[in-house]
file data30.txt (compact mmCIF, C-alpha atoms and all ligand atoms)
# COMPACT_ATOMS: atom_id res chain seq x y z
CA MET A 1 106.03 6.78 150.50
CA PRO A 2 102.70 8.07 151.79
CA TYR A 3 100.33 9.24 149.05
CA LEU A 4 99.46 12.89 149.42
CA GLY A 5 96.09 12.62 147.73
CA PRO A 6 95.06 14.17 144.40
CA ASP A 7 94.54 17.65 145.83
CA MET A 8 97.97 17.96 147.33
CA THR A 9 99.67 16.48 144.25
CA THR A 10 98.00 19.05 141.98
CA ARG A 11 98.76 21.86 144.38
CA LEU A 12 102.44 20.95 144.54
CA SER A 13 102.88 20.49 140.80
CA ALA A 14 101.23 23.87 140.30
CA MET A 15 104.22 25.48 141.97
CA PHE A 16 106.59 24.46 139.17
CA TYR A 17 107.21 25.47 135.58
CA THR A 18 109.58 24.18 132.93
CA VAL A 19 112.06 26.28 131.04
CA GLU A 20 114.61 25.17 128.48
CA VAL A 21 118.16 26.27 129.05
CA GLY A 22 120.23 25.24 126.07
CA ASP A 23 119.28 21.59 125.64
CA THR A 24 118.51 21.05 129.32
CA LYS A 25 115.05 21.39 130.83
CA PHE A 26 114.82 23.09 134.21
CA THR A 27 111.58 22.29 136.05
CA ILE A 28 111.74 24.67 138.96
CA LEU A 29 109.65 26.54 141.50
CA LYS A 30 107.86 29.53 140.01
CA ARG A 31 109.50 31.86 142.50
CA TYR A 32 112.71 31.51 140.42
CA GLN A 33 112.54 33.52 137.19
CA ASN A 34 114.74 34.76 134.37
CA LEU A 35 117.12 31.79 134.11
CA LYS A 36 120.46 32.21 132.36
CA PRO A 37 123.10 29.49 132.06
CA ILE A 38 126.35 30.38 133.84
CA GLY A 39 128.30 27.16 134.05
CA SER A 40 128.43 23.42 133.85
CA GLY A 41 130.31 20.76 135.72
CA ALA A 42 130.42 16.99 136.09
CA GLN A 43 127.01 16.99 137.72
CA GLY A 44 125.09 19.24 135.39
CA ILE A 45 124.14 22.76 134.43
CA VAL A 46 124.15 25.83 136.68
CA CYS A 47 121.88 28.83 135.99
CA ALA A 48 121.60 32.29 137.43
CA ALA A 49 118.01 33.22 138.36
CA TYR A 50 116.02 35.87 140.17
CA ASP A 51 114.24 34.79 143.33
CA THR A 52 110.96 36.73 143.38
CA VAL A 53 110.34 35.81 147.03
CA THR A 54 113.56 37.18 148.50
CA ALA A 55 114.24 39.66 145.67
CA GLN A 56 117.79 38.37 145.27
CA ASN A 57 119.76 36.76 142.49
CA VAL A 58 120.60 33.10 143.03
CA ALA A 59 122.39 30.23 141.32
CA ILE A 60 120.42 27.02 140.64
CA LYS A 61 122.27 23.79 139.97
CA LYS A 62 120.42 20.90 138.43
CA LEU A 63 121.90 17.62 139.51
CA SER A 64 121.26 15.83 136.29
CA ARG A 65 120.57 12.13 136.63
CA PRO A 66 122.30 11.87 140.02
CA PHE A 67 121.52 8.15 140.15
CA GLN A 68 122.92 7.19 136.76
CA ASN A 69 125.69 5.41 138.63
CA VAL A 70 126.98 4.92 142.15
CA THR A 71 129.74 7.56 141.81
CA HIS A 72 127.32 10.30 140.82
CA ALA A 73 124.80 9.30 143.44
CA LYS A 74 127.31 9.21 146.26
CA ARG A 75 128.71 12.55 145.25
CA ALA A 76 125.28 14.16 145.07
CA TYR A 77 124.30 12.74 148.45
CA ARG A 78 127.56 13.79 150.10
CA GLU A 79 127.47 17.27 148.62
CA PHE A 80 123.89 17.83 149.68
CA LYS A 81 124.55 16.60 153.24
CA LEU A 82 127.64 18.82 153.55
CA MET A 83 126.00 21.90 152.07
CA LYS A 84 123.27 21.58 154.69
CA LEU A 85 125.86 21.23 157.44
CA VAL A 86 128.50 23.84 156.66
CA ASN A 87 127.94 27.54 157.27
CA HIS A 88 130.90 29.81 156.57
CA LYS A 89 131.26 32.93 154.44
CA ASN A 90 133.96 31.30 152.30
CA ILE A 91 131.96 28.14 151.54
CA ILE A 92 128.96 28.28 149.22
CA GLY A 93 125.70 28.34 151.16
CA LEU A 94 122.53 26.43 150.32
CA LEU A 95 119.44 28.66 150.07
CA ASN A 96 116.93 26.04 148.96
CA ALA A 97 116.64 22.54 147.56
CA PHE A 98 113.75 20.81 145.85
CA THR A 99 112.63 18.20 143.40
CA PRO A 100 109.68 18.69 141.05
CA GLN A 101 108.79 15.00 141.19
CA ARG A 102 106.34 13.99 143.87
CA SER A 103 107.11 10.32 144.52
CA LEU A 104 110.13 8.09 144.86
CA ASP A 105 109.10 6.20 141.73
CA GLU A 106 109.03 9.35 139.63
CA PHE A 107 112.03 10.91 141.36
CA GLN A 108 114.72 12.11 138.92
CA ASP A 109 116.19 15.54 139.52
CA VAL A 110 117.46 17.59 142.41
CA TYR A 111 117.81 21.36 142.22
CA LEU A 112 120.14 23.14 144.61
CA VAL A 113 119.67 26.88 145.04
CA MET A 114 122.79 28.74 146.15
CA GLU A 115 124.13 32.22 146.59
CA LEU A 116 125.06 33.66 143.20
CA MET A 117 128.64 34.69 142.58
CA ASP A 118 130.08 36.51 139.54
CA ALA A 119 132.80 34.25 138.13
CA ASN A 120 134.89 31.24 138.86
CA LEU A 121 138.58 31.50 139.58
CA CYS A 122 139.61 30.26 136.10
CA GLN A 123 138.39 33.59 134.79
CA VAL A 124 140.09 35.60 137.55
CA ILE A 125 143.46 33.85 137.23
CA GLN A 126 143.78 35.35 133.74
CA MET A 127 143.62 38.86 135.13
CA ASP A 128 146.63 40.89 136.27
CA LEU A 129 145.92 40.83 139.99
CA ASP A 130 147.65 43.25 142.31
CA HIS A 131 149.07 42.01 145.62
CA GLU A 132 146.12 43.27 147.59
CA ARG A 133 143.60 41.26 145.60
CA MET A 134 145.80 38.20 145.29
CA SER A 135 146.56 38.01 149.01
CA TYR A 136 142.91 38.62 149.90
CA LEU A 137 141.72 35.81 147.60
CA LEU A 138 144.32 33.46 149.08
CA TYR A 139 143.37 34.46 152.63
CA GLN A 140 139.72 33.62 151.97
CA MET A 141 140.62 30.26 150.40
CA LEU A 142 142.62 29.43 153.51
CA CYS A 143 139.76 30.47 155.83
CA GLY A 144 137.29 28.28 153.91
CA ILE A 145 139.71 25.35 153.90
CA LYS A 146 140.42 25.72 157.61
CA HIS A 147 136.70 25.67 158.28
CA LEU A 148 136.25 22.45 156.30
CA HIS A 149 139.15 20.95 158.21
CA SER A 150 137.50 21.88 161.51
CA ALA A 151 134.61 19.61 160.46
CA GLY A 152 137.04 16.82 159.58
CA ILE A 153 136.62 17.41 155.84
CA ILE A 154 139.92 17.37 153.95
CA HIS A 155 139.15 18.54 150.41
CA ARG A 156 142.08 17.14 148.32
CA ASP A 157 140.65 18.40 145.02
CA LEU A 158 140.59 22.20 145.18
CA LYS A 159 140.75 23.76 141.73
CA PRO A 160 139.93 27.11 140.13
CA SER A 161 136.69 25.86 138.53
CA ASN A 162 135.33 25.02 141.99
CA ILE A 163 136.10 28.37 143.55
CA VAL A 164 133.86 31.35 142.80
CA VAL A 165 134.30 35.05 143.40
CA LYS A 166 132.31 38.26 143.31
CA SER A 167 133.48 41.53 141.83
CA ASP A 168 134.00 42.85 145.37
CA CYS A 169 136.73 40.18 145.65
CA THR A 170 134.81 37.95 148.07
CA LEU A 171 135.38 34.25 147.49
CA LYS A 172 133.59 30.97 148.16
CA ILE A 173 134.57 27.33 147.71
CA LEU A 174 131.88 25.47 145.75
CA ASP A 175 132.38 21.83 146.64
CA PHE A 176 133.70 19.46 149.27
CA GLY A 177 136.29 17.52 147.32
CA LEU A 178 136.96 13.83 147.34
CA ALA A 179 135.20 11.39 149.64
CA ARG A 180 137.60 9.33 151.76
CA THR A 181 136.98 6.32 149.59
CA ALA A 182 137.11 8.23 146.31
CA GLY A 183 139.23 6.66 143.65
CA THR A 184 138.07 3.14 144.42
CA THR A 185 135.05 3.46 142.18
CA PHE A 186 135.78 3.41 138.49
CA MET A 187 133.62 5.52 136.22
CA MET A 188 133.56 6.13 132.49
CA THR A 189 132.63 9.74 131.98
CA PRO A 190 132.90 12.07 129.03
CA TYR A 191 133.64 14.81 131.53
CA VAL A 192 137.39 15.50 131.84
CA VAL A 193 138.51 15.58 135.45
CA THR A 194 141.13 18.27 136.13
CA ARG A 195 143.97 16.84 138.20
CA TYR A 196 146.57 19.60 137.83
CA TYR A 197 146.03 20.85 141.36
CA ARG A 198 146.23 17.51 143.16
CA ALA A 199 149.03 17.10 145.68
CA PRO A 200 151.89 14.60 145.26
CA GLU A 201 150.49 12.47 148.11
CA VAL A 202 147.18 12.18 146.20
CA ILE A 203 148.87 11.46 142.85
CA LEU A 204 151.12 8.87 144.47
CA GLY A 205 148.38 7.29 146.59
CA MET A 206 149.98 8.05 149.96
CA GLY A 207 148.38 8.94 153.28
CA TYR A 208 147.55 12.62 153.66
CA LYS A 209 146.83 15.26 156.26
CA GLU A 210 145.28 18.73 156.23
CA ASN A 211 148.14 20.42 154.39
CA VAL A 212 147.35 18.33 151.29
CA ASP A 213 145.04 21.28 150.49
CA ILE A 214 147.92 23.75 150.80
CA TRP A 215 149.50 22.22 147.70
CA SER A 216 146.41 23.14 145.65
CA VAL A 217 146.46 26.69 147.04
CA GLY A 218 150.14 26.88 146.03
CA CYS A 219 149.29 25.71 142.50
CA ILE A 220 146.52 28.31 142.24
CA MET A 221 148.76 31.09 143.58
CA GLY A 222 151.60 30.10 141.23
CA GLU A 223 149.17 30.15 138.32
CA MET A 224 147.96 33.63 139.28
CA ILE A 225 151.55 34.82 139.07
CA ARG A 226 152.71 32.86 136.05
CA GLY A 227 149.47 33.12 134.08
CA GLY A 228 149.56 29.43 133.14
CA VAL A 229 148.98 26.06 134.84
CA LEU A 230 152.11 25.04 136.80
CA PHE A 231 151.90 21.27 136.39
CA PRO A 232 149.63 20.51 133.40
CA GLY A 233 150.13 16.74 133.24
CA THR A 234 148.21 14.68 130.71
CA ASP A 235 148.05 11.89 133.31
CA HIS A 236 149.50 11.17 136.77
CA ILE A 237 152.89 10.10 135.40
CA ASP A 238 153.27 13.14 133.18
CA GLN A 239 152.14 15.34 136.04
CA TRP A 240 154.70 13.86 138.42
CA ASN A 241 157.38 14.58 135.81
CA LYS A 242 156.29 18.21 135.55
CA ILE A 243 156.46 18.54 139.32
CA ILE A 244 159.93 17.08 139.76
CA GLU A 245 161.37 18.87 136.73
CA GLN A 246 160.52 22.20 138.38
CA LEU A 247 160.82 21.45 142.09
CA GLY A 248 163.46 18.72 142.03
CA THR A 249 163.42 15.03 142.98
CA PRO A 250 162.31 14.72 146.62
CA ALA A 251 164.63 13.43 149.37
CA GLN A 252 165.02 9.80 150.43
CA GLU A 253 162.91 10.24 153.54
CA PHE A 254 159.95 11.01 151.26
CA MET A 255 160.69 8.02 149.02
CA GLN A 256 160.68 5.74 152.06
CA ARG A 257 157.05 6.53 152.73
CA LEU A 258 155.88 5.39 149.28
CA GLN A 259 154.27 2.01 148.60
CA PRO A 260 156.87 -0.37 147.12
CA THR A 261 155.62 -0.34 143.52
CA VAL A 262 155.19 3.44 143.43
CA ARG A 263 158.56 3.88 145.13
CA ASN A 264 160.19 1.71 142.54
CA TYR A 265 158.76 3.87 139.75
CA VAL A 266 159.55 7.19 141.41
CA GLU A 267 163.12 6.19 142.31
CA ASN A 268 163.80 5.10 138.76
CA ARG A 269 162.90 8.42 137.21
CA PRO A 270 165.80 10.65 136.12
CA ARG A 271 166.95 12.83 139.03
CA TYR A 272 166.23 16.55 138.83
CA MET A 273 167.79 19.36 140.81
CA GLY A 274 164.79 21.63 140.39
CA TYR A 275 165.03 25.42 140.12
CA PRO A 276 165.22 28.09 142.78
CA PHE A 277 161.94 29.96 143.27
CA GLU A 278 163.59 33.13 141.90
CA ARG A 279 163.88 31.26 138.59
CA LEU A 280 160.46 29.62 138.74
CA PHE A 281 158.77 32.93 139.57
CA PRO A 282 161.11 35.71 138.41
CA ASP A 283 160.57 39.37 139.34
CA ILE A 284 159.19 40.17 135.90
CA LEU A 285 156.05 38.10 136.61
CA PHE A 286 155.05 40.25 139.57
CA PRO A 287 153.29 43.62 139.39
CA THR A 288 155.68 45.81 137.39
CA ASP A 289 155.48 48.99 139.43
CA SER A 290 158.81 49.01 141.23
CA SER A 291 157.75 50.75 144.44
CA GLU A 292 159.32 49.50 147.68
CA HIS A 293 155.93 48.17 148.74
CA ASN A 294 155.54 46.05 145.62
CA ARG A 295 159.06 44.69 145.85
CA LEU A 296 158.51 43.72 149.46
CA LYS A 297 155.19 42.08 148.57
CA ALA A 298 156.73 40.16 145.66
CA SER A 299 159.41 38.71 147.90
CA GLN A 300 156.81 37.80 150.52
CA ALA A 301 154.62 36.17 147.87
CA ARG A 302 157.56 34.15 146.56
CA ASP A 303 158.48 33.10 150.07
CA LEU A 304 154.94 31.85 150.72
CA LEU A 305 154.94 29.97 147.40
CA SER A 306 158.23 28.29 148.26
CA ARG A 307 156.67 27.00 151.49
CA MET A 308 153.45 25.77 149.88
CA LEU A 309 154.88 24.12 146.77
CA VAL A 310 156.87 21.56 148.73
CA ILE A 311 156.56 17.96 147.57
CA ASP A 312 157.03 16.41 151.01
CA PRO A 313 153.96 17.23 153.18
CA GLU A 314 156.14 16.88 156.29
CA ARG A 315 158.07 19.95 155.10
CA ARG A 316 155.15 21.86 153.63
CA ILE A 317 153.60 24.79 155.51
CA SER A 318 150.40 24.13 157.52
CA VAL A 319 147.13 25.99 156.97
CA ASP A 320 147.53 27.79 160.31
CA ASP A 321 151.05 28.94 159.49
CA ALA A 322 150.02 30.04 155.99
CA LEU A 323 147.31 32.21 157.60
CA LEU A 324 150.02 33.76 159.78
CA HIS A 325 152.46 34.30 156.90
CA ASN A 326 153.23 37.99 156.38
CA TYR A 327 151.82 37.96 152.83
CA ILE A 328 148.43 36.79 154.20
CA ASN A 329 148.13 37.90 157.83
CA VAL A 330 147.29 41.51 156.89
CA TRP A 331 143.72 40.22 156.49
CA TYR A 332 143.62 38.15 159.66
CA ASP A 333 140.24 38.28 161.39
CA GLU A 334 139.66 35.94 164.31
CA GLY A 335 135.95 35.48 163.49
CA GLU A 336 136.73 34.41 159.92
CA VAL A 337 139.75 32.25 160.68
CA ASN A 338 138.33 30.49 163.72
CA ALA A 339 134.60 30.45 163.05
CA PRO A 340 132.75 27.83 165.15
CA ALA A 341 133.12 24.38 163.63
CA PRO A 342 130.06 22.94 161.89
CA GLY A 343 128.13 20.12 163.55
CA PRO A 344 129.86 16.75 163.22
CA TYR A 345 129.90 15.23 159.76
CA ASP A 346 129.04 11.56 159.69
CA HIS A 347 132.03 10.16 157.83
CA SER A 348 130.37 6.79 157.41
CA VAL A 349 128.66 8.48 154.42
CA ASP A 350 132.02 8.40 152.63
CA GLU A 351 132.48 4.72 153.28
CA ARG A 352 128.94 3.59 152.51
CA GLU A 353 128.31 1.23 149.65
CA HIS A 354 124.79 1.12 148.22
CA THR A 355 123.10 0.14 145.02
CA VAL A 356 121.88 2.87 142.68
CA ASP A 357 118.30 2.30 143.87
CA GLN A 358 119.29 2.60 147.51
CA TRP A 359 121.16 5.85 146.79
CA LYS A 360 118.14 7.13 144.94
CA GLU A 361 115.98 6.53 147.98
CA LEU A 362 118.54 8.07 150.36
CA ILE A 363 118.79 11.23 148.27
CA TYR A 364 115.03 11.42 147.91
CA GLN A 365 114.65 11.21 151.69
CA GLU A 366 117.18 13.99 152.18
CA VAL A 367 115.37 16.26 149.71
CA MET A 368 111.98 15.50 151.30
CA GLU A 369 113.39 16.22 154.74
CA TYR A 370 114.81 19.52 153.49
CA GLU A 371 111.56 20.50 151.79
CA THR A 372 109.49 19.70 154.87
CA SER A 373 111.69 21.68 157.20
CA HIS A 374 112.22 24.67 154.87
CA ASN A 375 109.06 25.03 152.71
CA PRO A 376 106.30 23.59 154.86
CA SER A 377 103.54 25.94 153.71
CA ALA A 378 104.47 27.19 150.26
CA THR A 379 101.35 28.45 148.52
CA PRO A 380 100.57 27.25 145.01
CA GLN A 381 99.65 29.81 142.36
CA SER A 382 98.37 28.18 139.17
CA SER A 383 98.83 25.10 137.02
CA VAL A 384 102.08 23.84 135.49
CA ASP A 385 103.35 26.11 132.75
CA THR A 386 105.98 25.58 130.12
CA VAL A 387 108.10 28.50 129.11
CA ALA A 388 110.46 27.94 126.23
CA GLY A 389 113.93 29.20 125.51
CA SER A 390 115.68 31.57 127.83
CA ARG A 391 119.20 31.91 126.61
P1 LIG A 401 129.79 22.89 139.45
O1 LIG A 401 128.75 22.12 138.73
O2 LIG A 401 129.46 23.11 140.90
O3 LIG A 401 131.16 22.31 139.25
O4 LIG A 401 129.82 24.35 138.82
C1 LIG A 401 130.19 24.55 137.47
C2 LIG A 401 130.44 26.01 137.19
O5 LIG A 401 129.25 26.76 137.39
C3 LIG A 401 131.48 26.66 138.11
O6 LIG A 401 132.79 26.50 137.62
C4 LIG A 401 131.05 28.12 138.08
O7 LIG A 401 131.56 28.75 136.94
C5 LIG A 401 129.54 28.05 137.94
N1 LIG A 401 128.89 28.15 139.26
C6 LIG A 401 128.49 27.14 140.05
N2 LIG A 401 127.90 27.60 141.17
C7 LIG A 401 127.92 28.94 141.09
C8 LIG A 401 127.47 30.00 141.94
N3 LIG A 401 126.88 29.75 143.12
N4 LIG A 401 127.67 31.27 141.55
C9 LIG A 401 128.26 31.52 140.35
N5 LIG A 401 128.71 30.58 139.52
C10 LIG A 401 128.55 29.29 139.86
call {"tool": "encode", "arguments": {"input": "data30.txt", "output": "structure tokens"}}
result
Amino acid sequence: MPYLGPDMTTRLSAMFYTVEVGDTKFTILKRYQNLKPIGSGAQGIVCAAYDTVTAQNVAIKKLSRPFQNVTHAKRAYREFKLMKLVNHKNIIGLLNAFTPQRSLDEFQDVYLVMELMDANLCQVIQMDLDHERMSYLLYQMLCGIKHLHSAGIIHRDLKPSNIVVKSDCTLKILDFGLARTAGTTFMMTPYVVTRYYRAPEVILGMGYKENVDIWSVGCIMGEMIRGGVLFPGTDHIDQWNKIIEQLGTPAQEFMQRLQPTVRNYVENRPRYMGYPFERLFPDILFPTDSSEHNRLKASQARDLLSRMLVIDPERRISVDDALLHNYINVWYDEGEVNAPAPGPYDHSVDEREHTVDQWKELIYQEVMEYETSHNPSATPQSSVDTVAGSR
């Protein structure tokens, strides 16, 4: 790492200040003011802030200790790479990225500045959504997913906490899901990973294709209608039980594609007939106004659900066909559905194995590269300040 010299080091550190948010310290560029915590995830805390340079509200995520282990580091690196690459209105966009530390040795934290949204989908699912809002939210999820697929990124872990919306009903997906090799690295974490929305082929460790993400959309849609999680398993086994109790034991042709040990387990479960979708999602759960329009929409919604919540991916609807389904296609816009694919994503990132120190260096290089290309001549204002307590 080239030494910048005492002048430059002072000038750069003068651009930052530290503010305490709860029990986390945010050391951020002075242009970002008025921090308020809005969420937290496996990687750290997210704050809303006001960007005094662009006069817009933003979200700032602190990747806390991204090198504490290989899983965190790989995820941080992958997410950062993908955020830089992808540009679609239904995927969260990166506005800025920086680290307050000025050398690889000191390097600790990464801050990602993103567009600010109003709420995540967990909060919205609780609301009584009308058909217009529900179908528009689903349409946008499908557009975002299709765009990721066009870059060869199959998410496999879509869930309400990683989808954010604005009060005008616009929606963005926050993350890029599981790396191809995910699941091979074991990690002890106090953070509970939500698996309710994972498709049968993920739970059962099978191969998968793009419509693995349709299952998650089906789970989210079903939850919007039912007002509760569809398959709230305490673990994979319990979750599989919840799925087959409601949807029925899958056919032999599905069983034949399972690995022998999994197949043995799955075939030895009690057999379930499952319930018709009219029972799983009865009329009473849909908007109560009994106009012709609403009745038509309810039957279309149920039809779409019955095509998405299909255990066997070979029989499950594709993303393209879901976008054309009559519950969704009222929103169809060629520019949103078929936006130009992002530049190619180097999938070797997903397969790479590095030590924590190597990951640290790789992430540091990425942040430096971003800073150099996006903030080449930021002007310092004064020395480092500490501002306490904004909550
Ligand atoms: P994450 O760490 O990305 O899993 O985000 C954790 C939570 O922070 C999400 O569930 C959202 O509630 C919130 N959040 C993250 N990013 C944003 C954003 N750009 N706008 C609004 N809320 C956000």
call {"tool": "closest_residue", "arguments": {"input": "data30.txt", "among": "A:Ile244, A:Met83, A:Ile38, A:Val337", "to": "ligand LIG 401 (chain A)", "atoms": "only C-alpha atoms and all ligand atoms"}}
result
A:Ile38
call {"tool": "residues_near_ligand", "arguments": {"input": "data30.txt", "ligand": "ligand LIG 401 (chain A)", "cutoff": "9 Å", "atoms": "all atoms listed in the file", "output": "number ranges by chain"}}
result
A: 37-48, 58-63, 92-93, 113-123, 160-166, 172, 174-175
call {"tool": "write_last_selection", "arguments": {"input": "data30.txt", "atoms": "C-alpha atoms", "output": "mmCIF file, in the coordinates of the input"}}
result
data_model
loop_
_atom_site.group_PDB
_atom_site.id
_atom_site.type_symbol
_atom_site.label_atom_id
_atom_site.label_comp_id
_atom_site.auth_asym_id
_atom_site.auth_seq_id
_atom_site.Cartn_x
_atom_site.Cartn_y
_atom_site.Cartn_z
ATOM 1 C CA PRO A 37 123.100 29.490 132.060
ATOM 2 C CA ILE A 38 126.350 30.380 133.840
ATOM 3 C CA GLY A 39 128.300 27.160 134.050
ATOM 4 C CA SER A 40 128.430 23.420 133.850
ATOM 5 C CA GLY A 41 130.310 20.760 135.720
ATOM 6 C CA ALA A 42 130.420 16.990 136.090
ATOM 7 C CA GLN A 43 127.010 16.990 137.720
ATOM 8 C CA GLY A 44 125.090 19.240 135.390
ATOM 9 C CA ILE A 45 124.140 22.760 134.430
ATOM 10 C CA VAL A 46 124.150 25.830 136.680
ATOM 11 C CA CYS A 47 121.880 28.830 135.990
ATOM 12 C CA ALA A 48 121.600 32.290 137.430
ATOM 13 C CA VAL A 58 120.600 33.100 143.030
ATOM 14 C CA ALA A 59 122.390 30.230 141.320
ATOM 15 C CA ILE A 60 120.420 27.020 140.640
ATOM 16 C CA LYS A 61 122.270 23.790 139.970
ATOM 17 C CA LYS A 62 120.420 20.900 138.430
ATOM 18 C CA LEU A 63 121.900 17.620 139.510
ATOM 19 C CA ILE A 92 128.960 28.280 149.220
ATOM 20 C CA GLY A 93 125.700 28.340 151.160
ATOM 21 C CA VAL A 113 119.670 26.880 145.040
ATOM 22 C CA MET A 114 122.790 28.740 146.150
ATOM 23 C CA GLU A 115 124.130 32.220 146.590
ATOM 24 C CA LEU A 116 125.060 33.660 143.200
ATOM 25 C CA MET A 117 128.640 34.690 142.580
ATOM 26 C CA ASP A 118 130.080 36.510 139.540
ATOM 27 C CA ALA A 119 132.800 34.250 138.130
ATOM 28 C CA ASN A 120 134.890 31.240 138.860
ATOM 29 C CA LEU A 121 138.580 31.500 139.580
ATOM 30 C CA CYS A 122 139.610 30.260 136.100
ATOM 31 C CA GLN A 123 138.390 33.590 134.790
ATOM 32 C CA PRO A 160 139.930 27.110 140.130
ATOM 33 C CA SER A 161 136.690 25.860 138.530
ATOM 34 C CA ASN A 162 135.330 25.020 141.990
ATOM 35 C CA ILE A 163 136.100 28.370 143.550
ATOM 36 C CA VAL A 164 133.860 31.350 142.800
ATOM 37 C CA VAL A 165 134.300 35.050 143.400
ATOM 38 C CA LYS A 166 132.310 38.260 143.310
ATOM 39 C CA LYS A 172 133.590 30.970 148.160
ATOM 40 C CA LEU A 174 131.880 25.470 145.750
ATOM 41 C CA ASP A 175 132.380 21.830 146.640
#
call {"tool": "closest_atom_pairs", "arguments": {"input": "data30.txt", "of": "region 146-179 of chain A", "to": "region 70-80 of chain A", "cutoff": "12 Å", "atoms": "only C-alpha atoms", "output": "CSV"}}
result
residue,atom,partner,partner_atom,distance
A:Ile153,CA,A:Arg78,CA,11.3
A:His155,CA,A:Glu79,CA,11.9
A:Leu174,CA,A:Glu79,CA,9.7
A:Asp175,CA,A:Glu79,CA,7.0
A:Phe176,CA,A:Glu79,CA,6.6
A:Gly177,CA,A:Glu79,CA,8.9
A:Leu178,CA,A:Arg75,CA,8.6
A:Ala179,CA,A:Arg75,CA,7.9
call {"tool": "atom_distance", "arguments": {"input": "data30.txt", "atom1": "CA of Tyr50 (chain A)", "atom2": "CA of Leu85 (chain A)"}}
result
24.7 Å
call {"tool": "closest_residue", "arguments": {"input": "data30.txt", "among": "A:Thr24, A:Ile237, A:Lys30, A:Ser135", "to": "Ala322 (chain A)", "atoms": "all atoms listed in the file"}}
result
A:Ser135
call {"tool": "decode", "arguments": {"input": "data30.txt", "residues": "region 102-113 of chain A", "atoms": "N, CA and C atoms", "output": "short mmCIF file (atom, residue, chain, number, x, y, z; two decimals), in the first residue's frame"}}
result
data_model
loop_
_atom_site.label_atom_id
_atom_site.label_comp_id
_atom_site.auth_asym_id
_atom_site.auth_seq_id
_atom_site.Cartn_x
_atom_site.Cartn_y
_atom_site.Cartn_z
N ARG A 102 -7.33 4.40 6.63
CA ARG A 102 -6.53 4.83 5.48
C ARG A 102 -5.43 3.87 5.09
N SER A 103 -5.36 2.68 5.69
CA SER A 103 -4.35 1.71 5.24
C SER A 103 -4.91 0.31 5.44
N LEU A 104 -4.33 -0.62 4.73
CA LEU A 104 -4.78 -2.01 4.84
C LEU A 104 -4.63 -2.52 6.28
N ASP A 105 -3.55 -2.13 6.92
CA ASP A 105 -3.33 -2.57 8.31
C ASP A 105 -4.45 -2.12 9.24
N GLU A 106 -4.85 -0.87 9.07
CA GLU A 106 -5.89 -0.31 9.94
C GLU A 106 -7.29 -0.72 9.51
N PHE A 107 -7.42 -1.17 8.27
CA PHE A 107 -8.72 -1.39 7.65
C PHE A 107 -9.65 -2.25 8.51
N GLN A 108 -10.88 -1.76 8.73
CA GLN A 108 -11.86 -2.47 9.54
C GLN A 108 -13.25 -2.46 8.93
N ASP A 109 -13.75 -1.26 8.63
CA ASP A 109 -15.17 -1.15 8.29
C ASP A 109 -15.40 -0.67 6.87
N VAL A 110 -16.51 -1.15 6.31
CA VAL A 110 -16.95 -0.65 5.01
C VAL A 110 -18.34 -0.05 5.20
N TYR A 111 -18.57 1.09 4.61
CA TYR A 111 -19.88 1.73 4.63
C TYR A 111 -20.43 1.76 3.21
N LEU A 112 -21.64 1.25 3.06
CA LEU A 112 -22.29 1.27 1.75
C LEU A 112 -23.44 2.27 1.81
N VAL A 113 -23.45 3.21 0.90
CA VAL A 113 -24.53 4.20 0.87
C VAL A 113 -25.48 3.83 -0.26
#
